[in-house]
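Novice: Below you'll find work.tsv; it's TSV, C-alpha atoms and all ligand atoms.
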```
chain	number	residue	atom	x	y	z
A	665	MET	CA	93.54	-28.22	192.17
A	666	VAL	CA	96.77	-27.47	190.36
A	667	ARG	CA	95.37	-27.32	186.84
A	668	ARG	CA	97.22	-29.33	184.27
A	669	MET	CA	97.15	-27.68	180.88
A	670	SER	CA	97.59	-29.62	177.68
A	671	GLU	CA	101.34	-29.51	177.95
A	672	PRO	CA	102.84	-29.83	181.39
A	673	LYS	CA	104.50	-26.77	182.77
A	674	PRO	CA	107.90	-27.04	184.42
A	675	VAL	CA	107.62	-27.74	188.13
A	676	ILE	CA	108.85	-25.13	190.58
A	677	LEU	CA	109.24	-25.86	194.25
A	678	SER	CA	110.29	-23.64	197.08
A	679	GLY	CA	109.84	-23.38	200.80
A	680	ILE	CA	110.48	-21.22	203.82
A	681	GLN	CA	111.13	-22.39	207.35
A	682	PRO	CA	108.57	-21.25	209.87
A	683	SER	CA	111.01	-19.53	212.17
A	684	GLY	CA	110.99	-15.90	213.27
A	685	HIS	CA	108.83	-13.49	211.31
A	686	LEU	CA	108.43	-13.28	207.55
A	687	ALA	CA	110.26	-10.09	206.66
A	688	ILE	CA	110.24	-7.60	203.83
A	689	GLY	CA	113.45	-9.33	202.72
A	690	ASN	CA	111.51	-12.58	202.23
A	691	TYR	CA	108.81	-10.70	200.39
A	692	LEU	CA	111.08	-8.84	198.00
A	693	GLY	CA	113.61	-11.66	197.66
A	694	ALA	CA	111.22	-14.61	197.38
A	695	LEU	CA	107.45	-14.30	197.78
A	696	LYS	CA	106.98	-11.45	195.30
A	697	ASN	CA	108.84	-13.50	192.69
A	698	TRP	CA	106.88	-16.63	193.48
A	699	VAL	CA	103.66	-14.75	192.77
A	700	GLU	CA	104.89	-13.93	189.29
A	701	LEU	CA	105.83	-17.54	188.51
A	702	GLN	CA	102.40	-19.00	189.15
A	703	ASP	CA	100.99	-18.70	185.65
A	704	ARG	CA	103.96	-20.04	183.78
A	705	TYR	CA	104.93	-22.87	186.11
A	706	ASP	CA	103.41	-25.68	188.08
A	707	CYS	CA	104.27	-24.33	191.52
A	708	ILE	CA	104.46	-25.89	194.95
A	709	PHE	CA	105.15	-23.66	197.92
A	710	LEU	CA	105.83	-25.27	201.26
A	711	VAL	CA	106.02	-24.20	204.85
A	712	VAL	CA	108.89	-26.49	205.83
A	713	ASP	CA	108.04	-27.20	209.45
A	714	LEU	CA	110.12	-30.39	209.71
A	715	HIS	CA	113.19	-28.31	208.96
A	716	ALA	CA	112.29	-25.93	211.77
A	717	LEU	CA	112.60	-28.78	214.28
A	718	THR	CA	116.36	-28.78	213.80
A	719	VAL	CA	116.51	-25.91	216.27
A	720	ARG	CA	114.58	-25.81	219.56
A	721	GLN	CA	111.03	-24.59	219.14
A	722	VAL	CA	108.24	-23.72	221.53
A	723	PRO	CA	105.60	-26.19	220.27
A	724	ALA	CA	102.58	-23.88	220.56
A	725	GLU	CA	104.45	-21.09	218.81
A	726	LEU	CA	105.64	-23.33	216.01
A	727	ARG	CA	102.09	-24.52	215.42
A	728	ARG	CA	100.75	-20.98	215.27
A	729	ARG	CA	103.61	-19.75	213.11
A	730	CYS	CA	103.09	-22.48	210.51
A	731	LEU	CA	99.52	-21.39	209.92
A	732	SER	CA	100.53	-17.76	210.03
A	733	PHE	CA	103.21	-18.29	207.38
A	734	ALA	CA	100.77	-20.14	205.12
A	735	ALA	CA	98.29	-17.27	205.51
A	736	GLN	CA	101.04	-14.78	204.70
A	737	TYR	CA	101.95	-16.68	201.52
A	738	ILE	CA	98.34	-16.32	200.39
A	739	ALA	CA	98.07	-12.72	201.55
A	740	CYS	CA	101.17	-11.90	199.49
A	741	GLY	CA	99.44	-13.22	196.39
A	742	ILE	CA	100.17	-16.95	196.19
A	743	ASP	CA	96.91	-18.13	194.70
A	744	PRO	CA	95.72	-21.52	195.95
A	745	GLU	CA	93.80	-21.97	192.70
A	746	LYS	CA	97.06	-21.83	190.78
A	747	SER	CA	99.68	-23.19	193.15
A	748	ALA	CA	99.81	-25.91	195.76
A	749	ILE	CA	100.39	-24.49	199.22
A	750	ALA	CA	101.21	-27.11	201.82
A	751	ILE	CA	102.74	-27.74	205.19
A	752	GLN	CA	105.66	-30.12	204.81
A	753	SER	CA	104.70	-32.41	207.70
A	754	HIS	CA	101.29	-33.03	206.12
A	755	VAL	CA	103.08	-34.96	203.42
A	756	PRO	CA	104.80	-37.91	205.12
A	757	GLN	CA	106.80	-38.78	202.01
A	758	HIS	CA	109.25	-35.95	202.74
A	759	ALA	CA	110.60	-37.73	205.80
A	760	GLU	CA	110.40	-41.11	204.07
A	761	LEU	CA	112.36	-40.09	201.00
A	762	GLY	CA	114.71	-38.15	203.26
A	763	TRP	CA	115.63	-41.41	204.97
A	764	VAL	CA	116.47	-43.18	201.73
A	765	LEU	CA	118.53	-40.23	200.54
A	766	ASN	CA	120.40	-40.22	203.84
A	767	THR	CA	121.73	-43.62	202.88
A	768	ILE	CA	123.31	-42.34	199.67
A	769	THR	CA	124.66	-39.06	201.03
A	770	TYR	CA	128.15	-39.00	202.51
A	771	MET	CA	129.14	-37.51	205.85
A	772	GLY	CA	131.93	-35.69	204.05
A	773	GLU	CA	129.49	-33.93	201.76
A	774	LEU	CA	127.37	-32.69	204.64
A	775	ASN	CA	130.44	-31.67	206.59
A	776	ARG	CA	131.23	-29.15	203.90
A	777	MET	CA	127.89	-27.34	204.16
A	778	THR	CA	128.56	-23.80	205.30
A	779	GLN	CA	125.06	-23.36	206.72
A	780	PHE	CA	125.65	-26.35	208.99
A	781	LYS	CA	128.90	-24.84	210.18
A	782	ASP	CA	127.22	-21.48	210.85
A	783	LYS	CA	124.21	-22.99	212.57
A	784	SER	CA	126.23	-25.34	214.72
A	785	ALA	CA	128.31	-22.40	215.86
A	786	ARG	CA	125.14	-20.47	216.76
A	787	HIS	CA	123.35	-23.40	218.40
A	788	ASN	CA	126.37	-25.05	219.96
A	789	GLN	CA	124.28	-26.63	222.72
A	790	ASN	CA	122.15	-28.46	220.20
A	791	ILE	CA	124.18	-29.76	217.30
A	792	ASN	CA	121.74	-32.53	216.51
A	793	VAL	CA	121.81	-35.10	213.73
A	794	GLY	CA	118.81	-33.42	212.09
A	795	LEU	CA	120.74	-30.19	211.74
A	796	PHE	CA	123.52	-32.14	210.07
A	797	SER	CA	121.30	-33.96	207.61
A	798	TYR	CA	119.00	-30.97	207.00
A	799	PRO	CA	120.22	-30.62	203.38
A	800	VAL	CA	119.15	-34.22	202.70
A	801	LEU	CA	115.60	-33.43	203.79
A	802	MET	CA	115.72	-30.38	201.56
A	803	ALA	CA	116.82	-32.61	198.68
A	804	ALA	CA	113.85	-34.87	199.41
A	805	ASP	CA	111.49	-31.85	199.32
A	806	ILE	CA	112.70	-31.02	195.85
A	807	LEU	CA	113.15	-34.47	194.33
A	808	LEU	CA	109.79	-35.81	195.52
A	809	TYR	CA	108.02	-33.51	193.08
A	810	GLN	CA	110.45	-33.92	190.20
A	811	ALA	CA	111.02	-30.18	190.42
A	812	ASP	CA	112.72	-28.61	187.42
A	813	LEU	CA	113.50	-25.31	189.05
A	814	VAL	CA	114.09	-24.18	192.60
A	815	PRO	CA	114.04	-20.46	193.37
A	816	VAL	CA	116.62	-19.94	196.09
A	817	GLY	CA	118.86	-17.24	197.40
A	818	ALA	CA	122.63	-17.43	197.22
A	819	ASP	CA	122.81	-18.95	200.71
A	820	GLN	CA	120.97	-22.06	199.50
A	821	LYS	CA	122.99	-22.70	196.35
A	822	GLN	CA	125.27	-25.16	198.08
A	823	HIS	CA	122.27	-27.18	199.24
A	824	LEU	CA	120.90	-27.21	195.73
A	825	GLU	CA	124.22	-28.45	194.38
A	826	LEU	CA	124.08	-31.28	196.89
A	827	THR	CA	120.52	-32.05	195.78
A	828	ARG	CA	121.71	-32.33	192.20
A	829	ASP	CA	124.60	-34.59	193.20
A	830	VAL	CA	122.33	-36.87	195.22
A	831	ALA	CA	119.76	-37.03	192.41
A	832	GLN	CA	122.42	-37.94	189.89
A	833	ARG	CA	123.92	-40.50	192.22
A	834	PHE	CA	120.56	-42.20	192.69
A	835	ASN	CA	119.85	-42.13	188.97
A	836	ASN	CA	123.25	-43.72	188.28
A	837	LEU	CA	123.03	-46.32	191.04
A	838	TYR	CA	119.57	-47.49	190.00
A	839	SER	CA	118.01	-45.99	186.89
A	840	PRO	CA	116.74	-42.55	185.91
A	841	THR	CA	114.26	-41.63	188.64
A	842	PHE	CA	114.70	-38.02	189.61
A	843	THR	CA	114.65	-34.84	187.59
A	844	VAL	CA	117.93	-33.07	188.31
A	845	PRO	CA	116.79	-29.60	189.36
A	846	GLU	CA	118.31	-26.26	188.46
A	847	ALA	CA	118.61	-23.26	190.74
A	848	PHE	CA	116.29	-20.56	189.55
A	849	ILE	CA	117.59	-17.08	190.07
A	850	PRO	CA	114.80	-14.67	189.12
A	851	LYS	CA	115.69	-11.75	186.87
A	852	VAL	CA	114.62	-9.22	189.44
A	853	GLY	CA	115.78	-10.88	192.61
A	854	ALA	CA	116.60	-8.58	195.45
A	855	ARG	CA	118.93	-9.23	198.29
A	856	ILE	CA	117.67	-7.08	201.11
A	857	MET	CA	120.10	-6.40	203.92
A	858	SER	CA	119.69	-5.88	207.65
A	859	LEU	CA	118.63	-2.32	208.51
A	860	GLN	CA	121.08	-1.96	211.39
A	861	ASP	CA	123.92	-4.02	209.93
A	862	PRO	CA	123.64	-3.67	206.16
A	863	THR	CA	126.61	-5.92	205.52
A	864	LYS	CA	124.53	-8.98	206.41
A	865	LYS	CA	121.35	-10.27	204.83
A	866	MET	CA	118.04	-9.30	206.44
A	867	SER	CA	117.07	-12.36	208.47
A	868	LYS	CA	113.58	-13.24	209.62
A	869	SER	CA	115.07	-14.92	212.67
A	870	ASP	CA	117.17	-11.97	213.80
A	871	ASP	CA	117.08	-11.33	217.55
A	872	VAL	CA	117.31	-7.60	216.97
A	873	GLU	CA	113.90	-6.38	215.83
A	874	GLY	CA	115.28	-3.21	214.34
A	875	ASN	CA	117.18	-5.28	211.79
A	876	TYR	CA	114.15	-6.38	209.84
A	877	ILE	CA	110.66	-5.25	208.88
A	878	SER	CA	108.08	-7.93	209.52
A	879	LEU	CA	105.29	-8.24	206.96
A	880	LEU	CA	102.95	-7.81	209.92
A	881	ASP	CA	104.58	-4.73	211.48
A	882	PRO	CA	102.10	-1.88	211.99
A	883	PRO	CA	102.76	1.36	210.05
A	884	ASN	CA	104.33	3.26	212.96
A	885	VAL	CA	106.80	0.44	213.59
A	886	ILE	CA	107.75	0.26	209.90
A	887	THR	CA	108.30	4.00	209.82
A	888	ARG	CA	110.40	3.95	212.97
A	889	LYS	CA	112.59	1.06	211.79
A	890	ILE	CA	113.29	2.72	208.44
A	891	LYS	CA	113.97	6.07	210.05
A	892	ARG	CA	116.55	4.41	212.31
A	893	ALA	CA	118.16	2.39	209.53
A	894	VAL	CA	121.93	2.79	209.50
A	895	THR	CA	123.37	4.97	206.74
A	896	ASP	CA	126.65	6.80	206.39
A	897	SER	CA	126.91	10.51	207.01
A	898	GLY	CA	126.50	11.57	203.39
A	899	THR	CA	123.49	13.39	202.00
A	900	GLU	CA	123.13	12.69	198.30
A	901	VAL	CA	120.89	9.75	197.33
A	902	ARG	CA	123.25	7.87	195.06
A	903	PHE	CA	123.71	4.10	194.77
A	904	ASP	CA	127.17	3.06	195.83
A	905	GLU	CA	128.12	-0.45	196.99
A	906	GLY	CA	130.53	1.11	199.47
A	907	SER	CA	127.64	2.79	201.21
A	908	ALA	CA	125.83	-0.40	202.12
A	909	GLY	CA	123.04	1.07	204.26
A	910	LEU	CA	122.00	3.65	201.69
A	911	ALA	CA	122.36	1.16	198.84
A	912	ASN	CA	120.00	-1.18	200.68
A	913	LEU	CA	117.35	1.53	201.11
A	914	ILE	CA	117.64	2.47	197.44
A	915	THR	CA	117.30	-1.19	196.46
A	916	MET	CA	114.20	-1.56	198.60
A	917	TYR	CA	112.71	1.57	197.09
A	918	SER	CA	113.53	0.36	193.61
A	919	VAL	CA	111.93	-3.06	194.03
A	920	LEU	CA	108.87	-1.70	195.79
A	921	SER	CA	108.29	1.10	193.29
A	922	GLY	CA	109.28	-0.81	190.16
A	923	LEU	CA	111.67	2.02	189.22
A	924	ASP	CA	115.19	1.06	188.29
A	925	ILE	CA	118.11	2.39	190.32
A	926	PRO	CA	118.92	5.38	188.05
A	927	ALA	CA	115.25	6.36	188.10
A	928	VAL	CA	115.24	6.21	191.90
A	929	GLU	CA	118.38	8.38	191.99
A	930	ALA	CA	116.73	10.83	189.59
A	931	HIS	CA	113.58	10.88	191.70
A	932	PHE	CA	115.60	11.89	194.76
A	933	ALA	CA	117.98	14.25	192.96
A	934	GLY	CA	118.60	17.28	195.13
A	935	LYS	CA	116.95	15.59	198.10
A	936	MET	CA	118.53	14.00	201.13
A	937	TYR	CA	118.59	10.64	202.90
A	938	GLY	CA	115.73	11.77	205.11
A	939	HIS	CA	113.46	12.18	202.09
A	940	LEU	CA	114.29	8.70	200.89
A	941	LYS	CA	113.51	7.28	204.30
A	942	VAL	CA	110.17	9.05	204.52
A	943	GLU	CA	109.08	7.95	201.07
A	944	LEU	CA	110.41	4.43	201.52
A	945	ALA	CA	108.44	4.12	204.76
A	946	GLU	CA	105.26	5.29	203.01
A	947	LEU	CA	105.81	2.93	200.12
A	948	THR	CA	106.44	0.00	202.43
A	949	VAL	CA	103.36	0.78	204.52
A	950	GLU	CA	101.20	1.08	201.39
A	951	THR	CA	102.58	-2.15	199.93
A	952	LEU	CA	101.95	-4.08	203.11
A	953	ARG	CA	98.52	-2.56	203.85
A	954	PRO	CA	96.53	-4.90	201.55
A	955	VAL	CA	98.73	-7.86	202.56
A	956	GLN	CA	97.99	-7.24	206.22
A	957	ALA	CA	94.26	-6.78	205.57
A	958	GLU	CA	94.08	-10.05	203.67
A	959	TYR	CA	96.16	-11.76	206.34
A	960	ALA	CA	93.77	-10.63	209.08
A	961	ARG	CA	90.82	-11.90	207.06
A	962	LEU	CA	92.46	-15.30	206.53
A	963	MET	CA	93.41	-15.72	210.16
A	964	GLU	CA	89.80	-15.12	211.15
A	965	ASP	CA	88.54	-17.73	208.73
A	966	SER	CA	90.41	-20.77	209.91
A	967	ALA	CA	88.07	-23.15	208.09
A	968	TYR	CA	88.99	-21.53	204.79
A	969	LEU	CA	92.71	-21.65	205.52
A	970	ASP	CA	92.50	-25.26	206.72
A	971	GLY	CA	90.67	-26.14	203.51
A	972	ILE	CA	93.41	-24.65	201.35
A	973	LEU	CA	96.09	-26.49	203.29
A	974	ALA	CA	94.15	-29.75	203.14
A	975	ARG	CA	93.82	-29.47	199.36
A	976	GLY	CA	97.47	-28.50	199.00
A	977	ALA	CA	98.61	-31.45	201.09
A	978	GLU	CA	96.38	-33.85	199.22
A	979	ASP	CA	97.73	-32.69	195.90
A	980	CYS	CA	101.30	-32.98	197.17
A	981	ARG	CA	100.74	-36.42	198.67
A	982	GLY	CA	99.41	-37.72	195.38
A	983	ARG	CA	102.49	-36.53	193.56
A	984	ALA	CA	104.93	-37.54	196.27
A	985	ARG	CA	103.50	-41.05	196.52
A	986	LYS	CA	104.36	-41.71	192.88
A	987	THR	CA	107.99	-40.78	193.32
A	988	LEU	CA	108.39	-42.56	196.62
A	989	SER	CA	106.91	-45.84	195.42
A	990	LYS	CA	109.33	-45.82	192.49
A	991	VAL	CA	112.21	-45.16	194.86
A	992	TYR	CA	111.19	-47.90	197.29
A	993	ARG	CA	110.84	-50.37	194.44
A	994	LYS	CA	114.19	-49.47	192.90
A	995	VAL	CA	116.16	-49.78	196.11
A	996	GLY	CA	114.64	-53.21	196.75
A	997	LEU	CA	111.99	-52.69	199.40
A	998	VAL	CA	109.11	-55.13	199.31
A	999	PRO	CA	105.85	-53.44	198.35
A	1000	ALA	CA	103.26	-53.59	201.13
A	1001	ALA	CA	100.28	-55.81	200.38
A	1002	ARG	CA	97.28	-53.67	199.56
B	1	LIG	N1	116.71	-24.57	203.39
B	1	LIG	C1	115.87	-23.51	202.94
B	1	LIG	C2	116.20	-22.23	203.71
B	1	LIG	O1	116.68	-22.30	204.81
B	1	LIG	C3	114.41	-23.84	203.13
B	1	LIG	C4	114.01	-25.03	202.33
B	1	LIG	C5	113.73	-26.27	202.79
B	1	LIG	C6	113.85	-25.05	200.92
B	1	LIG	N2	113.37	-27.07	201.79
B	1	LIG	C7	113.43	-26.38	200.62
B	1	LIG	C8	113.99	-24.11	199.90
B	1	LIG	C9	113.19	-26.77	199.31
B	1	LIG	C10	113.75	-24.50	198.58
B	1	LIG	C11	113.37	-25.82	198.30
B	1	LIG	O2	115.95	-21.17	203.18
```
If you took the structure in this file and wrote it as structure tokens, what would it be?
Ligand code: TRP
Specialist:
Amino acid sequence: MVRRMSEPKPVILSGIQPSGHLAIGNYLGALKNWVELQDRYDCIFLVVDLHALTVRQVPAELRRRCLSFAAQYIACGIDPEKSAIAIQSHVPQHAELGWVLNTITYMGELNRMTQFKDKSARHNQNINVGLFSYPVLMAADILLYQADLVPVGADQKQHLELTRDVAQRFNNLYSPTFTVPEAFIPKVGARIMSLQDPTKKMSKSDDVEGNYISLLDPPNVITRKIKRAVTDSGTEVRFDEGSAGLANLITMYSVLSGLDIPAVEAHFAGKMYGHLKVELAELTVETLRPVQAEYARLMEDSAYLDGILARGAEDCRGRARKTLSKVYRKVGLVPAAR
């Protein structure tokens, strides 16, 4: 399935939690970049459902959302002939390696994780142990596949640092076992902000629908959300960090159109914010139209989607098994009789 060329390509691994709705921020900040990495790297893209259990889920919704996210990966251009696409829980080695890594990760290290602090403040009725050790499971995701590079946003850098520390610790305690991964910050990464509160990152799990554009929003909803996006009271379309709302719309236009910022400014010279909003809405609708069509097709062909996920999981299990058996042997567990 994942074709091995004569010389092995570096391994890239990334994943998104199946919570909320995949948003244009995920597309422009992650998925669109993933698509471009597929030829040069040996890629694994996961729907990390075990991570999603760290906050309360409605089981039927979680199940549906996992498949929906996988279909959206493919609809966005992740090609199952080039990359492995898998659901994390289909590969039991994630939880198994996670356990071993838990035993070499310190409470103090996890206590410092800012995402844990944020999430425990937001879910203060459910500060569970899984939420605390979430970064260890993430480390397992990465280290199982000997990933060289991990495309992540700024908010995940701390978790990646921890992954590197844990990998190095294991390698030092036993013997070289894990590739120590690097964060991979794509050249054209885009940090897309909330439409109503452009000082915070667009979140797929935002309670306020107007804050994000879902990849599955119909055209009229996309247009309405962009029209209502917060901007200051200026008129001229000029990129200025101080004008966060406008800067965000210009960034979105730039990434979607492939024009750089000065070219976007030139394009809208003499025009007003309203023009930018109208054109940005059209561009977003046109970008998402083929994605949504492909998504609808995939969701109607569940046998095809299941087949892709079965192949992806099988590929991942084969690779994960190798790492895990090394780890079990090195820490002193008795191999099971075969
Ligand atoms: N923690 C990541 C997030 O919240 C998701 C994630 C889980 C991940 N495992 C991963 C990302 C492995 C990259 C690699 O965004």
Novice: Give me the residues within 12 Å of Met771 of chain A as a PyMOL selection string, counting only C-alpha atoms and dropping any in the same chain fewer than 2 places off.
Specialist: chain A and resi 766-769+773-777+793+796-797+799-800
Novice: Quick one: residues within 10 Å of Met916 of chain A, only C-alpha atoms counted, chain neighbours fewer than 5 positions away excluded, as a PyMOL selection string?
Specialist: chain A and resi 688-689+692+854-857+910-911+921-922+925+944+947-948
Novice: Ligand LIG 1 (chain B): which residues are within 6 Å, counting all atoms listed in the file? Reply as a PyMOL selection string.
Specialist: chain A and resi 677-681+712+802+805-806+814+816
Novice: Considering all atoms listed in the file, state which residue in the set A:Ile849, A:Leu997, A:Ile914, A:Val764 is at the smallest distance from Leu701 of chain A.
Specialist: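 Among the listed residues, A:Ile849 lies closest to Leu701 of chain A.
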Novice: So that I can see what lies close to Ile742 of chain A, please list as a list in words the residues with an atom at most 8 Å from it, counting all atoms listed in the file and leaving out residues fewer than 2 positions away in the same chain.
Specialist: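 Final neighbour list, sorted by chain and number: Leu695, Trp698, Val699, Gln702, Tyr737, Ile738, Ala739, Cys740, Pro744, Lys746 and Ser747 of chain A.
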Novice: Have a look at A:Val901, A:Asn690, A:Val755, A:Ala847 and name the one nearest to Val928 of chain A; count only C-alpha atoms.
Specialist: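 Among A:Val901, A:Asn690, A:Val755, A:Ala847, it is A:Val901 that comes nearest to Val928 of chain A.
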Novice: So which one's closest to Ala957 of chain A, A:Leu879, A:Leu923, A:Ala831, A:Leu940? Using all atoms listed in the file, please.
Specialist: A:Leu879
Novice: What residues have an atom no more than 8 Å from (115.7, -17.0, 209.3) in the file's own frame, counting only C-alpha atoms, and can you write them as a PyMOL selection string?
Specialist: chain A and resi 681+683-685+867-870
Novice: Using only C-alpha atoms, find the one residue out of A:Tyr691, A:Ala734, A:Ala759, A:Cys707 that sits nearest to Leu988 of chain A.
Specialist: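 Among A:Tyr691, A:Ala734, A:Ala759, A:Cys707, it is A:Ala759 that comes nearest to Leu988 of chain A.
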Novice: Excluding Asp819 of chain A and any residue of its chain fewer than 4 positions from it, enumerate the residues within 9 Å of it, using only C-alpha atoms, and give them as number ranges by chain.
Specialist: A: 778-779, 823
Novice: Please, what distance in Å, to one decimal, runs between atom CA of Asp970 of chain A and atom CA of Gln820 of chain A?
Specialist: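 The value is 29.5 Å.
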